[in-house]
Structures are given as structure tokens and as C-alpha cells.
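target.csv (CSV, C-alpha atoms)
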```
chain,number,residue,atom,x,y,z
A,271,MET,CA,0.0,0.0,0.0
A,272,SER,CA,1.4,3.4,-0.9
A,273,TYR,CA,2.2,5.9,1.8
A,274,ARG,CA,-0.5,8.3,0.7
A,275,LYS,CA,-3.2,5.6,0.9
A,276,THR,CA,-1.9,4.6,4.3
A,277,LEU,CA,-2.1,8.3,5.4
A,278,LYS,CA,-5.7,8.6,4.2
A,279,LEU,CA,-6.6,5.4,6.1
A,280,ILE,CA,-5.0,6.7,9.3
A,281,CYS,CA,-6.8,10.0,9.0
A,282,GLY,CA,-10.1,8.3,8.3
A,283,PHE,CA,-9.9,6.3,11.5
A,284,ALA,CA,-8.5,9.1,13.6
A,285,GLY,CA,-10.9,11.7,12.3
A,286,GLY,CA,-8.8,14.7,13.3
A,287,SER,CA,-6.8,17.3,11.5
A,288,ALA,CA,-4.1,17.0,14.2
A,289,VAL,CA,-3.3,13.5,13.0
A,290,LEU,CA,-2.9,14.7,9.5
A,291,VAL,CA,-0.5,17.4,10.5
A,292,PHE,CA,1.6,15.0,12.6
A,293,ALA,CA,1.8,12.3,9.9
A,294,ALA,CA,2.6,14.8,7.2
A,295,ALA,CA,5.3,16.3,9.3
A,296,ALA,CA,6.8,13.0,10.1
A,297,ALA,CA,6.7,11.9,6.5
A,298,ASP,CA,8.2,15.1,5.3
A,299,SER,CA,11.1,14.9,7.7
A,300,ARG,CA,11.9,11.4,6.3
A,301,GLY,CA,11.8,12.5,2.7
A,302,TYR,CA,8.7,10.5,1.7
A,303,PHE,CA,7.5,13.3,-0.5
A,304,GLY,CA,10.6,13.2,-2.7
A,305,GLU,CA,12.6,15.9,-0.8
A,306,GLN,CA,16.0,15.8,0.7
A,307,ARG,CA,16.5,16.3,4.4
A,308,GLY,CA,17.7,19.8,3.9
A,309,GLU,CA,14.5,20.7,2.0
A,310,ALA,CA,12.4,19.0,4.7
A,311,ALA,CA,14.1,21.0,7.4
A,312,ARG,CA,13.4,24.2,5.6
A,313,ARG,CA,9.7,23.3,5.3
A,314,TRP,CA,9.4,22.1,8.9
A,315,SER,CA,8.6,25.6,10.1
A,316,ARG,CA,5.5,25.6,7.8
A,317,PHE,CA,4.2,22.5,9.5
A,318,THR,CA,5.0,24.0,12.9
A,319,VAL,CA,2.8,27.0,12.1
A,320,LEU,CA,0.0,24.8,10.8
A,321,GLN,CA,0.2,22.6,13.9
A,322,ALA,CA,0.2,25.5,16.2
A,323,ALA,CA,-3.1,26.7,14.6
A,324,GLN,CA,-4.8,23.4,15.7
A,325,PRO,CA,-6.2,23.7,19.2
A,326,ALA,CA,-5.0,21.0,21.6
A,327,TRP,CA,-7.7,18.3,21.8
A,328,THR,CA,-8.9,17.2,25.2
A,329,PRO,CA,-12.3,15.9,26.3
A,330,ALA,CA,-12.7,19.0,28.5
A,331,SER,CA,-12.1,21.5,25.6
A,332,HIS,CA,-14.7,19.9,23.4
A,333,THR,CA,-17.4,19.3,25.9
A,334,PRO,CA,-19.7,22.3,26.7
A,335,ALA,CA,-19.7,23.1,30.4
A,336,PRO,CA,-23.1,23.1,32.0
A,337,THR,CA,-24.2,26.4,33.5
A,338,GLY,CA,-25.4,24.8,36.7
A,339,HIS,CA,-28.9,26.1,36.2
A,340,SER,CA,-31.6,23.4,36.2
A,341,TRP,CA,-35.0,23.8,34.6
A,342,ASP,CA,-37.5,25.4,36.9
A,343,PHE,CA,-40.8,23.5,36.4
A,344,ASN,CA,-42.6,26.1,38.4
A,345,TRP,CA,-41.5,29.1,36.3
A,346,ASP,CA,-45.1,30.2,35.8
A,347,LYS,CA,-46.1,29.5,39.4
A,348,ARG,CA,-48.7,27.0,38.2
A,349,ASP,CA,-47.1,23.7,39.0
A,350,PRO,CA,-49.9,21.7,40.6
A,351,SER,CA,-47.6,20.0,43.0
A,352,THR,CA,-46.9,23.4,44.6
A,353,LEU,CA,-50.5,24.6,44.7
A,354,THR,CA,-52.8,24.2,47.7
A,355,ASN,CA,-56.3,25.4,48.2
A,356,GLY,CA,-56.4,25.0,52.0
A,357,LYS,CA,-59.4,22.7,52.0
A,358,LYS,CA,-59.6,20.0,54.7
A,359,LYS,CA,-60.4,16.5,53.7
A,360,GLU,CA,-63.9,15.6,54.7
A,361,THR,CA,-63.3,11.8,54.9
A,362,ALA,CA,-60.4,9.7,55.9
A,363,THR,CA,-60.9,7.4,53.0
A,364,GLU,CA,-60.6,10.2,50.4
A,365,ASP,CA,-57.6,9.7,48.1
A,366,PRO,CA,-55.1,12.4,48.8
A,367,SER,CA,-53.8,12.4,45.2
A,368,SER,CA,-57.2,12.7,43.5
A,369,GLU,CA,-57.5,16.4,44.1
A,370,GLN,CA,-54.0,17.0,42.8
A,371,ASP,CA,-54.7,14.9,39.7
A,372,ASN,CA,-57.9,16.8,39.0
A,373,GLY,CA,-55.9,20.0,39.2
A,374,LYS,CA,-53.2,19.0,36.7
A,375,PRO,CA,-53.2,20.7,33.3
A,376,LYS,CA,-53.8,18.3,30.5
A,377,ALA,CA,-53.7,20.5,27.4
A,378,THR,CA,-50.8,22.1,25.5
A,379,ARG,CA,-50.8,25.8,24.7
A,380,ASN,CA,-49.4,26.9,21.3
A,381,ILE,CA,-48.7,30.6,21.2
A,382,LEU,CA,-47.9,32.2,17.8
A,383,LEU,CA,-46.2,35.5,18.3
A,384,ILE,CA,-46.4,37.8,15.2
A,385,ARG,CA,-44.3,40.8,14.7
A,386,HIS,CA,-46.2,43.7,13.2
A,387,SER,CA,-45.6,44.6,9.5
A,388,GLN,CA,-43.5,47.4,8.1
A,389,TYR,CA,-44.8,50.9,9.2
A,390,ASN,CA,-44.2,54.6,8.6
A,391,LEU,CA,-41.1,55.4,10.6
A,392,SER,CA,-41.4,59.1,10.0
A,393,GLY,CA,-44.7,59.4,12.0
A,394,THR,CA,-44.5,61.8,14.9
A,395,SER,CA,-47.0,59.9,17.0
A,396,ASP,CA,-48.4,56.4,17.3
A,397,LYS,CA,-51.5,57.2,15.2
A,398,ASP,CA,-49.2,58.4,12.3
A,399,ARG,CA,-47.1,55.2,12.4
A,400,ILE,CA,-49.4,53.2,10.2
A,401,LEU,CA,-48.4,50.4,7.8
A,402,THR,CA,-46.7,51.2,4.5
A,403,PRO,CA,-48.1,49.6,1.3
A,404,LEU,CA,-45.4,46.9,1.6
A,405,GLY,CA,-46.4,46.4,5.3
A,406,ARG,CA,-50.0,45.8,4.3
A,407,GLU,CA,-48.8,43.2,1.8
A,408,GLN,CA,-46.7,41.6,4.5
A,409,ALA,CA,-49.8,41.3,6.8
A,410,GLU,CA,-51.7,39.7,4.0
A,411,LEU,CA,-49.0,37.1,3.5
A,412,THR,CA,-48.8,36.4,7.2
A,413,GLY,CA,-52.6,36.0,7.3
A,414,ARG,CA,-52.5,33.5,4.4
A,415,ARG,CA,-49.7,31.6,6.1
A,416,LEU,CA,-51.6,31.3,9.3
A,417,ALA,CA,-54.7,30.2,7.5
A,418,ALA,CA,-52.7,27.6,5.4
A,419,LEU,CA,-51.5,26.0,8.6
A,420,GLY,CA,-55.0,24.7,9.1
A,421,LEU,CA,-55.1,25.2,12.9
A,422,LYS,CA,-58.1,25.9,15.0
A,423,TYR,CA,-57.2,29.3,16.5
A,424,ASP,CA,-58.9,30.3,19.7
A,425,VAL,CA,-58.1,34.0,19.9
A,426,LEU,CA,-56.1,36.8,18.2
A,427,VAL,CA,-54.8,39.3,20.7
A,428,HIS,CA,-52.9,42.4,19.6
A,429,SER,CA,-51.0,45.4,20.9
A,430,SER,CA,-53.1,48.5,21.0
A,431,MET,CA,-50.4,50.4,19.0
A,432,ALA,CA,-51.5,51.5,15.5
A,433,ARG,CA,-49.1,49.3,13.6
A,434,ALA,CA,-49.9,46.1,15.5
A,435,THR,CA,-53.6,46.9,15.4
A,436,GLU,CA,-53.6,47.3,11.6
A,437,THR,CA,-51.5,44.2,11.2
A,438,ALA,CA,-54.0,42.2,13.3
A,439,HIS,CA,-57.0,43.4,11.5
A,440,ILE,CA,-55.6,42.4,8.1
A,441,ILE,CA,-54.6,39.0,9.4
A,442,SER,CA,-58.1,38.5,10.9
A,443,LYS,CA,-59.7,38.7,7.5
A,444,HIS,CA,-58.0,35.4,6.7
A,445,LEU,CA,-59.2,33.8,10.0
A,446,PRO,CA,-63.0,34.3,10.1
A,447,GLY,CA,-64.6,33.6,13.4
A,448,VAL,CA,-61.5,34.1,15.5
A,449,GLU,CA,-62.1,36.5,18.4
A,450,LEU,CA,-60.0,39.8,18.1
A,451,LEU,CA,-58.9,41.5,21.3
A,452,SER,CA,-56.7,44.5,22.1
A,453,CYS,CA,-54.2,44.8,25.0
A,454,ASP,CA,-52.2,47.8,26.2
A,455,LEU,CA,-49.7,45.5,28.0
A,456,LEU,CA,-48.4,44.3,24.7
A,457,ARG,CA,-47.3,47.8,23.5
A,458,GLU,CA,-43.7,48.2,22.4
A,459,GLY,CA,-41.0,49.2,24.9
A,460,ALA,CA,-37.6,48.5,26.4
A,461,PRO,CA,-38.1,45.4,28.6
A,462,ILE,CA,-34.6,45.3,30.3
A,463,GLU,CA,-31.2,46.8,29.7
A,464,PRO,CA,-29.5,44.6,27.1
A,465,VAL,CA,-26.2,42.9,27.5
A,466,PRO,CA,-23.9,43.7,25.8
A,467,PRO,CA,-25.0,47.3,26.1
A,468,VAL,CA,-25.8,49.5,23.0
A,469,THR,CA,-25.1,53.2,22.7
A,470,HIS,CA,-27.0,53.9,19.4
A,471,TRP,CA,-30.4,53.2,20.8
A,472,LYS,CA,-32.1,55.1,23.6
A,473,PRO,CA,-35.5,53.9,24.7
A,474,ASP,CA,-38.3,56.4,25.0
A,475,ALA,CA,-39.0,55.3,28.6
A,476,VAL,CA,-36.7,54.0,31.3
A,477,TYR,CA,-36.3,50.3,31.5
A,478,HIS,CA,-38.1,49.8,34.9
A,479,GLU,CA,-41.3,51.4,33.5
A,480,ASP,CA,-41.5,49.4,30.3
A,481,GLY,CA,-40.0,46.4,31.9
A,482,ALA,CA,-42.7,46.1,34.5
A,483,ARG,CA,-45.5,46.3,31.9
A,484,ILE,CA,-43.9,43.8,29.5
A,485,GLU,CA,-43.2,41.4,32.4
A,486,ALA,CA,-46.9,41.7,33.3
A,487,ALA,CA,-47.8,40.8,29.7
A,488,PHE,CA,-45.5,37.8,29.9
A,489,ARG,CA,-47.2,36.5,33.0
A,490,ARG,CA,-50.7,37.1,31.6
A,491,TYR,CA,-50.1,35.3,28.3
A,492,ILE,CA,-47.2,32.9,28.6
A,493,HIS,CA,-48.0,30.0,31.0
A,494,ARG,CA,-49.2,26.5,31.0
A,495,ALA,CA,-52.9,25.7,30.3
A,496,ASP,CA,-55.5,25.9,33.0
A,497,PRO,CA,-56.6,22.5,34.4
A,498,LYS,CA,-60.1,23.1,33.1
A,499,GLN,CA,-58.8,23.4,29.5
A,500,LYS,CA,-59.5,20.0,27.8
A,501,GLU,CA,-58.1,20.5,24.3
A,502,ASP,CA,-54.8,21.9,23.0
A,503,SER,CA,-55.1,25.6,22.1
A,504,TYR,CA,-53.6,27.9,19.4
A,505,GLU,CA,-53.4,31.5,20.3
A,506,ILE,CA,-52.1,34.4,18.1
A,507,ILE,CA,-50.5,37.5,19.6
A,508,VAL,CA,-49.6,40.3,17.3
A,509,CYS,CA,-47.1,42.7,18.9
A,510,HIS,CA,-43.6,44.0,18.7
A,511,ALA,CA,-40.0,42.7,18.3
A,512,ASN,CA,-38.8,43.7,21.7
A,513,VAL,CA,-41.8,42.1,23.4
A,514,ILE,CA,-41.5,38.9,21.4
A,515,ARG,CA,-37.7,38.6,22.0
A,516,TYR,CA,-38.2,39.2,25.8
A,517,PHE,CA,-41.0,36.6,25.9
A,518,VAL,CA,-38.8,34.0,24.2
A,519,CYS,CA,-35.9,34.5,26.6
A,520,ARG,CA,-38.2,34.3,29.6
A,521,ALA,CA,-40.1,31.3,28.4
A,522,LEU,CA,-36.9,29.3,27.6
A,523,GLN,CA,-35.3,30.5,30.9
A,524,PHE,CA,-32.5,32.2,29.0
A,525,PRO,CA,-31.0,35.4,30.5
A,526,PRO,CA,-33.6,38.0,29.6
A,527,GLU,CA,-30.9,40.6,29.1
A,528,GLY,CA,-30.0,38.8,25.9
A,529,TRP,CA,-33.2,39.8,24.1
A,530,LEU,CA,-31.5,42.2,21.8
A,531,ARG,CA,-29.1,39.6,20.3
A,532,MET,CA,-32.0,38.2,18.2
A,533,GLY,CA,-33.5,39.8,15.1
A,534,LEU,CA,-37.1,39.4,13.7
A,535,ASN,CA,-38.4,40.3,10.3
A,536,ASN,CA,-41.7,42.2,9.9
A,537,GLY,CA,-44.7,39.9,9.8
A,538,SER,CA,-42.6,36.9,11.0
A,539,ILE,CA,-44.0,34.1,13.1
A,540,THR,CA,-42.5,32.9,16.4
A,541,TRP,CA,-44.1,29.7,17.8
A,542,LEU,CA,-43.9,28.7,21.5
A,543,THR,CA,-45.3,25.5,22.8
A,544,ILE,CA,-46.0,25.1,26.5
A,545,ARG,CA,-46.7,21.5,27.8
A,546,PRO,CA,-48.8,20.6,30.8
A,547,SER,CA,-45.7,19.7,32.6
A,548,GLY,CA,-44.3,23.2,32.3
A,549,ARG,CA,-41.8,22.3,29.6
A,550,VAL,CA,-41.4,24.9,26.9
A,551,ALA,CA,-40.3,24.5,23.3
A,552,LEU,CA,-39.5,27.1,20.6
A,553,ARG,CA,-40.8,25.6,17.3
A,554,THR,CA,-39.9,28.6,15.2
A,555,LEU,CA,-38.2,31.9,15.8
A,556,GLY,CA,-39.0,34.8,13.3
A,557,ASP,CA,-40.2,32.5,10.5
A,558,SER,CA,-40.7,34.6,7.4
A,559,GLY,CA,-39.9,32.0,4.8
A,560,PHE,CA,-43.4,32.2,3.4
A,561,MET,CA,-42.6,35.7,2.1
A,562,PRO,CA,-40.8,36.4,-1.2
A,563,PRO,CA,-37.3,37.8,-0.7
A,564,ASP,CA,-38.3,41.2,-2.0
A,565,LYS,CA,-41.0,41.5,0.7
A,566,LEU,CA,-38.7,41.0,3.7
A,567,THR,CA,-37.9,43.9,6.0
A,568,ARG,CA,-36.8,44.4,9.5
A,569,THR,CA,-37.8,47.9,10.6
```
Using C-alpha cells, write down the structure from this file.
Amino acid sequence: MSYRKTLKLICGFAGGSAVLVFAAAAADSRGYFGEQRGEAARRWSRFTVLQAAQPAWTPASHTPAPTGHSWDFNWDKRDPSTLTNGKKKETATEDPSSEQDNGKPKATRNILLIRHSQYNLSGTSDKDRILTPLGREQAELTGRRLAALGLKYDVLVHSSMARATETAHIISKHLPGVELLSCDLLREGAPIEPVPPVTHWKPDAVYHEDGARIEAAFRRYIHRADPKQKEDSYEIIVCHANVIRYFVCRALQFPPEGWLRMGLNNGSITWLTIRPSGRVALRTLGDSGFMPPDKLTRT
């Protein structure tokens, strides 16, 4: 077997670039590549540089270190095992676990968070910041996409700001029969000071004002199903990028100050699933693949 074939076989079993560097260096020093020792010596420095560029492999350096934070199953304060109603058992024969079983959620909540469509940035007040013609097209596309999913939507809640309200009304035309509600808590704002900090963006209100309101919105809308809910639900919330990004961080138990590290296109769909156990999954983040490339914006 030729040396080159042997080298390939070794590398195939080893599966690492460091082996290739070592074998090539050893072969070069012995003149297997048709060079004299003097030539090999002159080229050795090249292999040294290449080898230095390869990080030293150890199990520790290739295994992500856990953060030490375990999943909090009572993140929404609705874990049935932690809830008590203070009632005394009327009979000694009553099953102590029956009440708890009856109080356990059984349905899954699916929450589809929609970012509003493109709007007029030059508006001096909220009522002037209405959708652009492209923004109205985007809302139509989002409405068609939601309808095409074939889901039985329970409600469509939207921020009371003009751009979110207009987006929601356009979407609702594609979802006849779905209740439409407005909520002030979902208005845009600065949820928490981002890390790393930014200097080019100054929020209109201080963080603790907007943050308290947006946290209240999270607690109202993002939680496991009520025990009385029998079937899985699909709820649409049309709001804003900052609100959605904060919701995602909080629901996944990621540091909420990382919300500004994500980007969302106008009219995009972010899908959270909340299981009865309290587990949360992010099915999509800012999905806008249903829009043509020339319709995509992030304003």
C-alpha cells in the first residue's frame, strides 16, 4: 500500500486534523515526499505554524460546560404540586392524590407571536405610524400563512399600538370567526437593559417602566394551560419585536438581558409550545420563509 493511501486510512480512523499534521510532518522529515533532508528542514517551520493553529484536543475542551442552572418547572407559578387550596379532607378514605390529579393541566398551549408589519417610521405619533403599502402586503402574506396551517385558532390578541392593530385586522380577514382582542400591556417598549449594552439606541421610557409592563404581559399570556382546559389551544399574539424577544428569553429560561441579540423580520411568526408539565419548546423563531425575498424587511 502506498504511503498516501496509508495516510488517508489513518486520518479516516483518527478523524482529526491534528493526526494529518503529525503524519505529514513525520513523512516530510523522512523525505517521503521526494525531498532531501535539507529541504524538509526548511519546510518544517511551515508544519510547525500549521500545527500551532490546531487547538489541543482534550475531552474537556470539546465538551460544553453546564451552566449549573436546572430547569424550573414552576417558572409560571402554576405547578400543581406546589398549589394548595387550604381545603380540609372531609373523609379519611378520600384519596389524597385525587384532588391534585384533577388540578393537573392536560392540554398544550401553542402561542404564535407575530411581529407587526413594516410601518411609517417618520410618523411623529403612534397614530401616524401606520403600515406602509409593503407592510399591508406583508400582513396579507402572514394571514394567508396562518390560514394555510389549518389550525383551530382560539383567539387573536394584539397590541393597542397602531401598527400592531392594523396588522392584526388584516390577518383576521384570513381567519374568520377568531375573536379579536386589544391589550395595552403588549405595546412596544424596552423590557430590560440589554447585555452587551448598546449606545446607538435610547428607549423612550426608562427600563423599569416598560419592563414592569412587559413582564406583566408575559405573566398574563405565557404560562401552561388551566386545568379546566381540555383541548390543545392555538393563540395568536400580534405585537412587537422587543416584546417577542423578551418573551422568548423568559419562556426558555435564558438570561432576559440577551433579548437584543436576536432579530425578527416584519410579519414573522415565532411559535412557542407550553406543555402541561411546564416544559417549553421554541418551534420557530421569526419564521418569514413564506414571504418572497423582495417583501422581507426588519424595521
Within 9 Å of Tyr423 in chain A using only C-alpha atoms, minus same-chain residues under 5 positions, as a PyMOL selection string: chain A and resi 445+448-449+503-506
With C-alpha atoms retained, export the selected residues as a JSON list (two decimals), in the coordinates of the input.
```
[["chain", "number", "residue", "atom", "x", "y", "z"],
["A", 445, "LEU", "CA", -59.20, 33.80, 10.00],
["A", 448, "VAL", "CA", -61.50, 34.10, 15.50],
["A", 449, "GLU", "CA", -62.10, 36.50, 18.40],
["A", 503, "SER", "CA", -55.10, 25.60, 22.10],
["A", 504, "TYR", "CA", -53.60, 27.90, 19.40],
["A", 505, "GLU", "CA", -53.40, 31.50, 20.30],
["A", 506, "ILE", "CA", -52.10, 34.40, 18.10]]
```
Shell around Pro403 in chain A at 9 Å using only C-alpha atoms, local window under 5 positions removed, as a ChimeraX atom specification: /A:388-389,408
Prev. selection, C-alpha atoms, output as a short mmCIF file (atom, residue, chain, number, x, y, z; two decimals), in the frame of the given file:
```
data_model
loop_
_atom_site.label_atom_id
_atom_site.label_comp_id
_atom_site.auth_asym_id
_atom_site.auth_seq_id
_atom_site.Cartn_x
_atom_site.Cartn_y
_atom_site.Cartn_z
CA GLN A 388 -43.50 47.40 8.10
CA TYR A 389 -44.80 50.90 9.20
CA GLN A 408 -46.70 41.60 4.50
#
```
Top pick for closest residue to Trp345 in chain A, considering A:Thr567, A:Gln523, A:Thr540, A:Thr378 and counting all atoms listed in the file: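 Of A:Thr567, A:Gln523, A:Thr540, A:Thr378, the one nearest Trp345 in chain A is A:Gln523, counting all atoms listed in the file.
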Distance of CA of Ala551 in chain A from CA of Leu522 in chain A, expressed in Å to one decimal place: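 Result for CA of Leu522 in chain A versus CA of Ala551 in chain A: 7.3 Å, one decimal.
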Non-local contacts of Phe517 in chain A (9 Å; only C-alpha atoms; under 3 positions in same chain excluded) as a list in words: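 My reading of the contact set: Ile484, Glu485, Ala487, Phe488, Ile492, Asn512, Val513, Ile514, Arg520, Ala521, Leu522, Pro526 and Trp529 of chain A.
For the pair CA of Pro446 in chain A and CA of Cys509 in chain A, the interatomic distance is 20.0 Å.
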Proximity to Ala511 in chain A - best of A:Ala460, A:Ile440, A:Ala377, A:Val468, only C-alpha atoms: A:Ala460
Atom pair CA of Thr554 in chain A / CA of Leu383 in chain A: separation (Å):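 CA of Leu383 in chain A lies 9.8 Å from CA of Thr554 in chain A.
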Shell around Pro473 in chain A at 8 Å using only C-alpha atoms, local window under 2 positions removed, as number ranges by chain: A: 459-460, 471, 475-477
Residue among A:Leu555, A:Val508, A:Leu530, A:Ile462 lying closest to Ser442 in chain A, counting all atoms listed in the file: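 Of the candidates, the smallest distance to Ser442 in chain A is held by A:Val508.
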Near-Ala434 in chain A list (8 Å; all atoms listed in the file; drop same-chain fewer than 4 positions) as number ranges by chain: A: 385-387, 428-430, 438, 508-510
